[in-house]
Amino acid sequence: MSQHSTPGHSRPALTKTQKFSIAGVATLGAAALAFSLVPGSADAGTGNQDISAAPVAFTHNADAQQTVHANVSKQLSNADKRAKDAAAAAQKKADEQAAAKKRADEAAAKKKAEDERKAKEAASRAAARKPVYANNLDGWIRQSLDIMKAKGIPGSYEGLHRNIIRESAGDPNAKNGWDINAINGTPSVGLLQVIQPTFNAYHVEGTSTNIYDPVANITAAANYAADRYGSMDNVNSAY
């Protein structure tokens, strides 16, 4: 009776050709797996690799890694140094600016104090030089003479005093109510008996605008006399 296999009970024997095929497939699979693990492969894991390529072994280059680490450390160190140098330069500049401002403030304060001191000294000297005039005929004449001197108006103490005594007897409120000026509505008034239009025309700046003010009356009359007669000293009668 002939022999044959029964399914599920025995495997047919592999031929020599089939064995070689299986071995080849296993080798190619291992090669493909190794190639897919190579870093940078554009087709990793796609199954399109050249199955004939040999597996690439990974290597660990300690010297290169140390060089990279050293370069990075150096760069970081240089950057840190530059940052510290920049911060130090900025602080130095800020300190210099602060010191310059302090010097400027101190100089300004010193100058202000010096100016105030000089102003006080000048005011003190001016106050010391400023004469004090008595509130009487003598004081009025002397004050008028100082104003006349400053304004370039000629006249002497004697000339003013003489004409004041003749015109008003030294009364600053004297008023003439009977002469032609009074009749015309502009009476002569004050120490030197001046009418209002004359006072207005010859008023000396810096004195009162009140015609009865003793100093204003004297200086306006002296200014008028200087214009008409050369000086009050030349007046010896009604003028």
# chains A, B, ... in the order shown; residues from 1 in each chain; ligands from 1

$ residues_around --residues "Asn234 in chain A" --least-positions-apart "2" --cutoff "10 Å" --atoms "only C-alpha atoms" --output "list in words"
Gly155, Gly159, Asn163, Ala225, Ala226, Arg228, Tyr229, Gly230, Ser231, Met232, Asn236 and Ser237 of chain A

$ write_last_selection --atoms "all heavy atoms" --output "CSV table (one decimal), in the first residue's frame"
chain,number,residue,atom,x,y,z
A,155,GLY,N,21.1,174.8,41.1
A,155,GLY,CA,20.5,175.4,42.3
A,155,GLY,C,21.3,175.2,43.5
A,155,GLY,O,22.0,174.2,43.6
A,159,GLY,N,19.9,179.6,47.5
A,159,GLY,CA,18.9,180.2,46.5
A,159,GLY,C,17.5,179.6,46.7
A,159,GLY,O,16.5,180.3,46.7
A,163,ASN,N,14.2,182.0,48.3
A,163,ASN,CA,13.0,182.2,47.5
A,163,ASN,C,11.8,181.5,48.3
A,163,ASN,O,10.7,182.0,48.2
A,163,ASN,CB,13.2,181.6,46.2
A,163,ASN,CG,13.9,182.5,45.2
A,163,ASN,OD1,13.3,183.5,44.7
A,163,ASN,ND2,15.2,182.2,45.0
A,225,ALA,N,12.6,177.4,37.1
A,225,ALA,CA,13.5,178.5,37.2
A,225,ALA,C,14.7,178.3,36.3
A,225,ALA,O,15.3,179.2,35.7
A,225,ALA,CB,13.8,178.7,38.6
A,226,ALA,N,15.3,177.0,36.3
A,226,ALA,CA,16.4,176.7,35.5
A,226,ALA,C,16.2,176.9,34.0
A,226,ALA,O,17.0,177.4,33.3
A,226,ALA,CB,16.9,175.3,35.8
A,228,ARG,N,13.8,179.0,32.8
A,228,ARG,CA,13.5,180.4,32.5
A,228,ARG,C,14.7,181.4,32.8
A,228,ARG,O,14.9,182.4,32.1
A,228,ARG,CB,12.3,180.9,33.3
A,228,ARG,CG,11.0,180.3,32.8
A,228,ARG,CD,10.6,180.8,31.4
A,228,ARG,NE,10.4,182.3,31.5
A,228,ARG,CZ,9.3,182.9,31.8
A,228,ARG,NH1,8.2,182.2,32.2
A,228,ARG,NH2,9.2,184.2,31.8
A,229,TYR,N,15.4,181.1,34.0
A,229,TYR,CA,16.4,182.1,34.5
A,229,TYR,C,17.8,181.5,34.6
A,229,TYR,O,18.7,182.2,35.1
A,229,TYR,CB,15.9,182.6,35.8
A,229,TYR,CG,14.5,183.2,35.8
A,229,TYR,CD1,13.5,182.5,36.4
A,229,TYR,CD2,14.3,184.4,35.2
A,229,TYR,CE1,12.2,183.0,36.3
A,229,TYR,CE2,13.0,184.9,35.2
A,229,TYR,CZ,11.9,184.2,35.7
A,229,TYR,OH,10.6,184.7,35.7
A,230,GLY,N,18.0,180.2,34.3
A,230,GLY,CA,19.3,179.6,34.4
A,230,GLY,C,19.4,178.8,35.7
A,230,GLY,O,20.1,177.9,35.8
A,231,SER,N,18.8,179.3,36.8
A,231,SER,CA,18.8,178.7,38.1
A,231,SER,C,17.9,179.5,39.0
A,231,SER,O,17.7,180.7,38.9
A,231,SER,CB,20.3,178.7,38.7
A,231,SER,OG,20.3,178.3,40.0
A,232,MET,N,17.4,178.8,40.1
A,232,MET,CA,16.6,179.5,41.1
A,232,MET,C,17.5,180.5,41.8
A,232,MET,O,17.0,181.5,42.4
A,232,MET,CB,16.1,178.4,42.1
A,232,MET,CG,15.2,179.0,43.2
A,232,MET,SD,13.7,179.8,42.5
A,232,MET,CE,12.7,178.3,42.2
A,236,ASN,N,15.1,186.6,42.4
A,236,ASN,CA,15.1,187.5,43.6
A,236,ASN,C,13.8,188.2,43.8
A,236,ASN,O,13.6,189.0,44.7
A,236,ASN,CB,16.2,188.6,43.5
A,236,ASN,CG,17.6,187.9,43.4
A,236,ASN,OD1,18.0,187.3,44.4
A,236,ASN,ND2,18.3,188.2,42.3
A,237,SER,N,12.8,187.8,43.0
A,237,SER,CA,11.4,188.4,43.2
A,237,SER,C,10.4,187.4,42.6
A,237,SER,O,10.8,186.3,42.2
A,237,SER,CB,11.4,189.7,42.5
A,237,SER,OG,11.6,189.6,41.1

$ residues_around --residues "Thr186 in chain A" --least-positions-apart "5" --cutoff "8 Å" --atoms "only C-alpha atoms" --output "list in words"
Asn181, Ile195 and Gln196 of chain A

$ write_last_selection --atoms "N, CA, C and O atoms" --output "PDB file, in the first residue's frame"
ATOM      1  N   ASN A 181      -3.197 184.958  39.067  1.00  0.00           N
ATOM      2  CA  ASN A 181      -3.358 183.511  38.862  1.00  0.00           C
ATOM      3  C   ASN A 181      -4.599 183.000  39.583  1.00  0.00           C
ATOM      4  O   ASN A 181      -5.357 182.187  39.036  1.00  0.00           O
ATOM      5  N   ILE A 195       1.905 177.369  40.141  1.00  0.00           N
ATOM      6  CA  ILE A 195       0.546 177.105  39.659  1.00  0.00           C
ATOM      7  C   ILE A 195       0.520 175.694  39.044  1.00  0.00           C
ATOM      8  O   ILE A 195       1.556 175.152  38.617  1.00  0.00           O
ATOM      9  N   GLN A 196      -0.658 175.113  38.981  1.00  0.00           N
ATOM     10  CA  GLN A 196      -0.792 173.719  38.540  1.00  0.00           C
ATOM     11  C   GLN A 196      -0.257 173.465  37.129  1.00  0.00           C
ATOM     12  O   GLN A 196       0.472 172.477  36.918  1.00  0.00           O
TER      13      GLN A 196
END

$ select_by_dssp --residues "range 31-198 of chain A" --states "alpha helix (DSSP H)" --output "number ranges by chain"
A: 31-36, 62-129, 137-151, 157-168, 180-183, 196-198

$ closest_residue --among "A:Lys118, A:Gln193, A:Lys151, A:Ala222" --to "Glu205 in chain A" --atoms "only C-alpha atoms"
A:Lys151

$ residues_around --residues "Ala150 in chain A" --least-positions-apart "4" --cutoff "12 Å" --atoms "only C-alpha atoms" --output "number ranges by chain"
A: 143-146, 154, 204-206, 219

$ decode --residues "range 100-136 of chain A" --atoms "N, CA, C and O atoms" --output "PDB file, in the first residue's frame"
ATOM      1  N   ALA A 100      28.991 114.258  38.866  1.00  0.00           N
ATOM      2  CA  ALA A 100      28.982 115.525  38.133  1.00  0.00           C
ATOM      3  C   ALA A 100      27.786 116.382  38.537  1.00  0.00           C
ATOM      4  O   ALA A 100      27.906 117.599  38.716  1.00  0.00           O
ATOM      5  N   LYS A 101      26.630 115.742  38.690  1.00  0.00           N
ATOM      6  CA  LYS A 101      25.427 116.478  39.114  1.00  0.00           C
ATOM      7  C   LYS A 101      25.609 117.046  40.515  1.00  0.00           C
ATOM      8  O   LYS A 101      25.213 118.173  40.805  1.00  0.00           O
ATOM      9  N   LYS A 102      26.213 116.247  41.384  1.00  0.00           N
ATOM     10  CA  LYS A 102      26.438 116.714  42.748  1.00  0.00           C
ATOM     11  C   LYS A 102      27.357 117.928  42.754  1.00  0.00           C
ATOM     12  O   LYS A 102      27.111 118.912  43.456  1.00  0.00           O
ATOM     13  N   ARG A 103      28.430 117.858  41.929  1.00  0.00           N
ATOM     14  CA  ARG A 103      29.350 118.995  41.847  1.00  0.00           C
ATOM     15  C   ARG A 103      28.646 120.230  41.301  1.00  0.00           C
ATOM     16  O   ARG A 103      28.849 121.347  41.786  1.00  0.00           O
ATOM     17  N   ALA A 104      27.801 120.014  40.264  1.00  0.00           N
ATOM     18  CA  ALA A 104      27.067 121.141  39.672  1.00  0.00           C
ATOM     19  C   ALA A 104      26.095 121.745  40.682  1.00  0.00           C
ATOM     20  O   ALA A 104      25.982 122.979  40.793  1.00  0.00           O
ATOM     21  N   ASP A 105      25.399 120.887  41.428  1.00  0.00           N
ATOM     22  CA  ASP A 105      24.458 121.380  42.439  1.00  0.00           C
ATOM     23  C   ASP A 105      25.192 122.155  43.532  1.00  0.00           C
ATOM     24  O   ASP A 105      24.718 123.204  43.996  1.00  0.00           O
ATOM     25  N   GLU A 106      26.327 121.627  43.943  1.00  0.00           N
ATOM     26  CA  GLU A 106      27.105 122.309  44.987  1.00  0.00           C
ATOM     27  C   GLU A 106      27.608 123.664  44.484  1.00  0.00           C
ATOM     28  O   GLU A 106      27.590 124.656  45.225  1.00  0.00           O
ATOM     29  N   ALA A 107      28.053 123.686  43.204  1.00  0.00           N
ATOM     30  CA  ALA A 107      28.533 124.939  42.638  1.00  0.00           C
ATOM     31  C   ALA A 107      27.397 125.955  42.521  1.00  0.00           C
ATOM     32  O   ALA A 107      27.577 127.148  42.819  1.00  0.00           O
ATOM     33  N   ALA A 108      26.211 125.466  42.101  1.00  0.00           N
ATOM     34  CA  ALA A 108      25.062 126.361  41.978  1.00  0.00           C
ATOM     35  C   ALA A 108      24.650 126.897  43.343  1.00  0.00           C
ATOM     36  O   ALA A 108      24.328 128.091  43.490  1.00  0.00           O
ATOM     37  N   ALA A 109      24.642 126.023  44.346  1.00  0.00           N
ATOM     38  CA  ALA A 109      24.276 126.451  45.695  1.00  0.00           C
ATOM     39  C   ALA A 109      25.292 127.461  46.234  1.00  0.00           C
ATOM     40  O   ALA A 109      24.921 128.459  46.879  1.00  0.00           O
ATOM     41  N   LYS A 110      26.559 127.210  45.953  1.00  0.00           N
ATOM     42  CA  LYS A 110      27.609 128.123  46.408  1.00  0.00           C
ATOM     43  C   LYS A 110      27.464 129.487  45.744  1.00  0.00           C
ATOM     44  O   LYS A 110      27.598 130.534  46.398  1.00  0.00           O
ATOM     45  N   LYS A 111      27.198 129.458  44.421  1.00  0.00           N
ATOM     46  CA  LYS A 111      27.034 130.716  43.690  1.00  0.00           C
ATOM     47  C   LYS A 111      25.808 131.481  44.198  1.00  0.00           C
ATOM     48  O   LYS A 111      25.849 132.707  44.350  1.00  0.00           O
ATOM     49  N   LYS A 112      24.712 130.742  44.441  1.00  0.00           N
ATOM     50  CA  LYS A 112      23.507 131.387  44.951  1.00  0.00           C
ATOM     51  C   LYS A 112      23.766 132.048  46.299  1.00  0.00           C
ATOM     52  O   LYS A 112      23.344 133.188  46.538  1.00  0.00           O
ATOM     53  N   ALA A 113      24.458 131.321  47.175  1.00  0.00           N
ATOM     54  CA  ALA A 113      24.779 131.876  48.488  1.00  0.00           C
ATOM     55  C   ALA A 113      25.668 133.108  48.359  1.00  0.00           C
ATOM     56  O   ALA A 113      25.474 134.109  49.067  1.00  0.00           O
ATOM     57  N   GLU A 114      26.626 133.043  47.418  1.00  0.00           N
ATOM     58  CA  GLU A 114      27.534 134.173  47.215  1.00  0.00           C
ATOM     59  C   GLU A 114      26.771 135.378  46.663  1.00  0.00           C
ATOM     60  O   GLU A 114      26.993 136.524  47.092  1.00  0.00           O
ATOM     61  N   ASP A 115      25.863 135.120  45.712  1.00  0.00           N
ATOM     62  CA  ASP A 115      25.066 136.211  45.138  1.00  0.00           C
ATOM     63  C   ASP A 115      24.178 136.856  46.202  1.00  0.00           C
ATOM     64  O   ASP A 115      24.037 138.084  46.247  1.00  0.00           O
ATOM     65  N   GLU A 116      23.575 136.018  47.050  1.00  0.00           N
ATOM     66  CA  GLU A 116      22.730 136.551  48.115  1.00  0.00           C
ATOM     67  C   GLU A 116      23.552 137.377  49.104  1.00  0.00           C
ATOM     68  O   GLU A 116      23.099 138.428  49.575  1.00  0.00           O
ATOM     69  N   ARG A 117      24.763 136.881  49.394  1.00  0.00           N
ATOM     70  CA  ARG A 117      25.627 137.629  50.313  1.00  0.00           C
ATOM     71  C   ARG A 117      25.988 138.988  49.732  1.00  0.00           C
ATOM     72  O   ARG A 117      25.927 140.027  50.422  1.00  0.00           O
ATOM     73  N   LYS A 118      26.337 138.999  48.425  1.00  0.00           N
ATOM     74  CA  LYS A 118      26.707 140.255  47.779  1.00  0.00           C
ATOM     75  C   LYS A 118      25.519 141.214  47.725  1.00  0.00           C
ATOM     76  O   LYS A 118      25.678 142.427  47.903  1.00  0.00           O
ATOM     77  N   ALA A 119      24.322 140.644  47.433  1.00  0.00           N
ATOM     78  CA  ALA A 119      23.121 141.487  47.369  1.00  0.00           C
ATOM     79  C   ALA A 119      22.841 142.124  48.725  1.00  0.00           C
ATOM     80  O   ALA A 119      22.478 143.311  48.809  1.00  0.00           O
ATOM     81  N   LYS A 120      22.994 141.336  49.798  1.00  0.00           N
ATOM     82  CA  LYS A 120      22.767 141.874  51.138  1.00  0.00           C
ATOM     83  C   LYS A 120      23.790 142.953  51.482  1.00  0.00           C
ATOM     84  O   LYS A 120      23.447 143.982  52.073  1.00  0.00           O
ATOM     85  N   GLU A 121      25.033 142.700  51.083  1.00  0.00           N
ATOM     86  CA  GLU A 121      26.074 143.693  51.356  1.00  0.00           C
ATOM     87  C   GLU A 121      25.810 144.982  50.590  1.00  0.00           C
ATOM     88  O   GLU A 121      25.981 146.086  51.129  1.00  0.00           O
ATOM     89  N   ALA A 122      25.381 144.823  49.311  1.00  0.00           N
ATOM     90  CA  ALA A 122      25.088 146.006  48.506  1.00  0.00           C
ATOM     91  C   ALA A 122      23.912 146.780  49.086  1.00  0.00           C
ATOM     92  O   ALA A 122      23.928 148.022  49.143  1.00  0.00           O
ATOM     93  N   ALA A 123      22.872 146.032  49.516  1.00  0.00           N
ATOM     94  CA  ALA A 123      21.711 146.686  50.114  1.00  0.00           C
ATOM     95  C   ALA A 123      22.101 147.402  51.408  1.00  0.00           C
ATOM     96  O   ALA A 123      21.627 148.508  51.694  1.00  0.00           O
ATOM     97  N   SER A 124      22.987 146.743  52.152  1.00  0.00           N
ATOM     98  CA  SER A 124      23.441 147.353  53.407  1.00  0.00           C
ATOM     99  C   SER A 124      24.228 148.628  53.136  1.00  0.00           C
ATOM    100  O   SER A 124      24.043 149.645  53.823  1.00  0.00           O
ATOM    101  N   ARG A 125      25.098 148.579  52.117  1.00  0.00           N
ATOM    102  CA  ARG A 125      25.887 149.773  51.769  1.00  0.00           C
ATOM    103  C   ARG A 125      24.976 150.894  51.276  1.00  0.00           C
ATOM    104  O   ARG A 125      25.174 152.067  51.607  1.00  0.00           O
ATOM    105  N   ALA A 126      23.965 150.487  50.445  1.00  0.00           N
ATOM    106  CA  ALA A 126      23.042 151.499  49.920  1.00  0.00           C
ATOM    107  C   ALA A 126      22.249 152.138  51.046  1.00  0.00           C
ATOM    108  O   ALA A 126      22.019 153.349  51.066  1.00  0.00           O
ATOM    109  N   ALA A 127      21.828 151.295  51.997  1.00  0.00           N
ATOM    110  CA  ALA A 127      21.071 151.822  53.130  1.00  0.00           C
ATOM    111  C   ALA A 127      21.939 152.750  53.973  1.00  0.00           C
ATOM    112  O   ALA A 127      21.470 153.770  54.491  1.00  0.00           O
ATOM    113  N   ALA A 128      23.215 152.393  54.076  1.00  0.00           N
ATOM    114  CA  ALA A 128      24.119 153.225  54.867  1.00  0.00           C
ATOM    115  C   ALA A 128      24.372 154.565  54.179  1.00  0.00           C
ATOM    116  O   ALA A 128      24.530 155.598  54.834  1.00  0.00           O
ATOM    117  N   ARG A 129      24.400 154.522  52.825  1.00  0.00           N
ATOM    118  CA  ARG A 129      24.661 155.757  52.080  1.00  0.00           C
ATOM    119  C   ARG A 129      23.413 156.627  51.951  1.00  0.00           C
ATOM    120  O   ARG A 129      23.507 157.831  51.746  1.00  0.00           O
ATOM    121  N   LYS A 130      22.220 155.978  51.993  1.00  0.00           N
ATOM    122  CA  LYS A 130      20.996 156.734  51.793  1.00  0.00           C
ATOM    123  C   LYS A 130      20.769 157.716  52.946  1.00  0.00           C
ATOM    124  O   LYS A 130      20.651 157.304  54.102  1.00  0.00           O
ATOM    125  N   PRO A 131      20.712 158.978  52.613  1.00  0.00           N
ATOM    126  CA  PRO A 131      20.543 159.967  53.689  1.00  0.00           C
ATOM    127  C   PRO A 131      19.133 159.949  54.248  1.00  0.00           C
ATOM    128  O   PRO A 131      18.169 159.578  53.572  1.00  0.00           O
ATOM    129  N   VAL A 132      19.016 160.313  55.466  1.00  0.00           N
ATOM    130  CA  VAL A 132      17.723 160.445  56.130  1.00  0.00           C
ATOM    131  C   VAL A 132      17.432 161.941  56.255  1.00  0.00           C
ATOM    132  O   VAL A 132      18.221 162.689  56.837  1.00  0.00           O
ATOM    133  N   TYR A 133      16.328 162.323  55.663  1.00  0.00           N
ATOM    134  CA  TYR A 133      15.986 163.741  55.646  1.00  0.00           C
ATOM    135  C   TYR A 133      14.957 164.055  56.732  1.00  0.00           C
ATOM    136  O   TYR A 133      14.001 163.298  56.928  1.00  0.00           O
ATOM    137  N   ALA A 134      15.175 165.157  57.383  1.00  0.00           N
ATOM    138  CA  ALA A 134      14.229 165.606  58.404  1.00  0.00           C
ATOM    139  C   ALA A 134      12.952 166.091  57.725  1.00  0.00           C
ATOM    140  O   ALA A 134      12.979 166.628  56.612  1.00  0.00           O
ATOM    141  N   ASN A 135      11.854 165.874  58.402  1.00  0.00           N
ATOM    142  CA  ASN A 135      10.573 166.315  57.847  1.00  0.00           C
ATOM    143  C   ASN A 135      10.309 167.774  58.245  1.00  0.00           C
ATOM    144  O   ASN A 135       9.381 168.099  58.984  1.00  0.00           O
ATOM    145  N   ASN A 136      11.189 168.629  57.724  1.00  0.00           N
ATOM    146  CA  ASN A 136      11.046 170.075  57.958  1.00  0.00           C
ATOM    147  C   ASN A 136      11.645 170.805  56.768  1.00  0.00           C
ATOM    148  O   ASN A 136      12.081 170.164  55.796  1.00  0.00           O
TER     149      ASN A 136
END
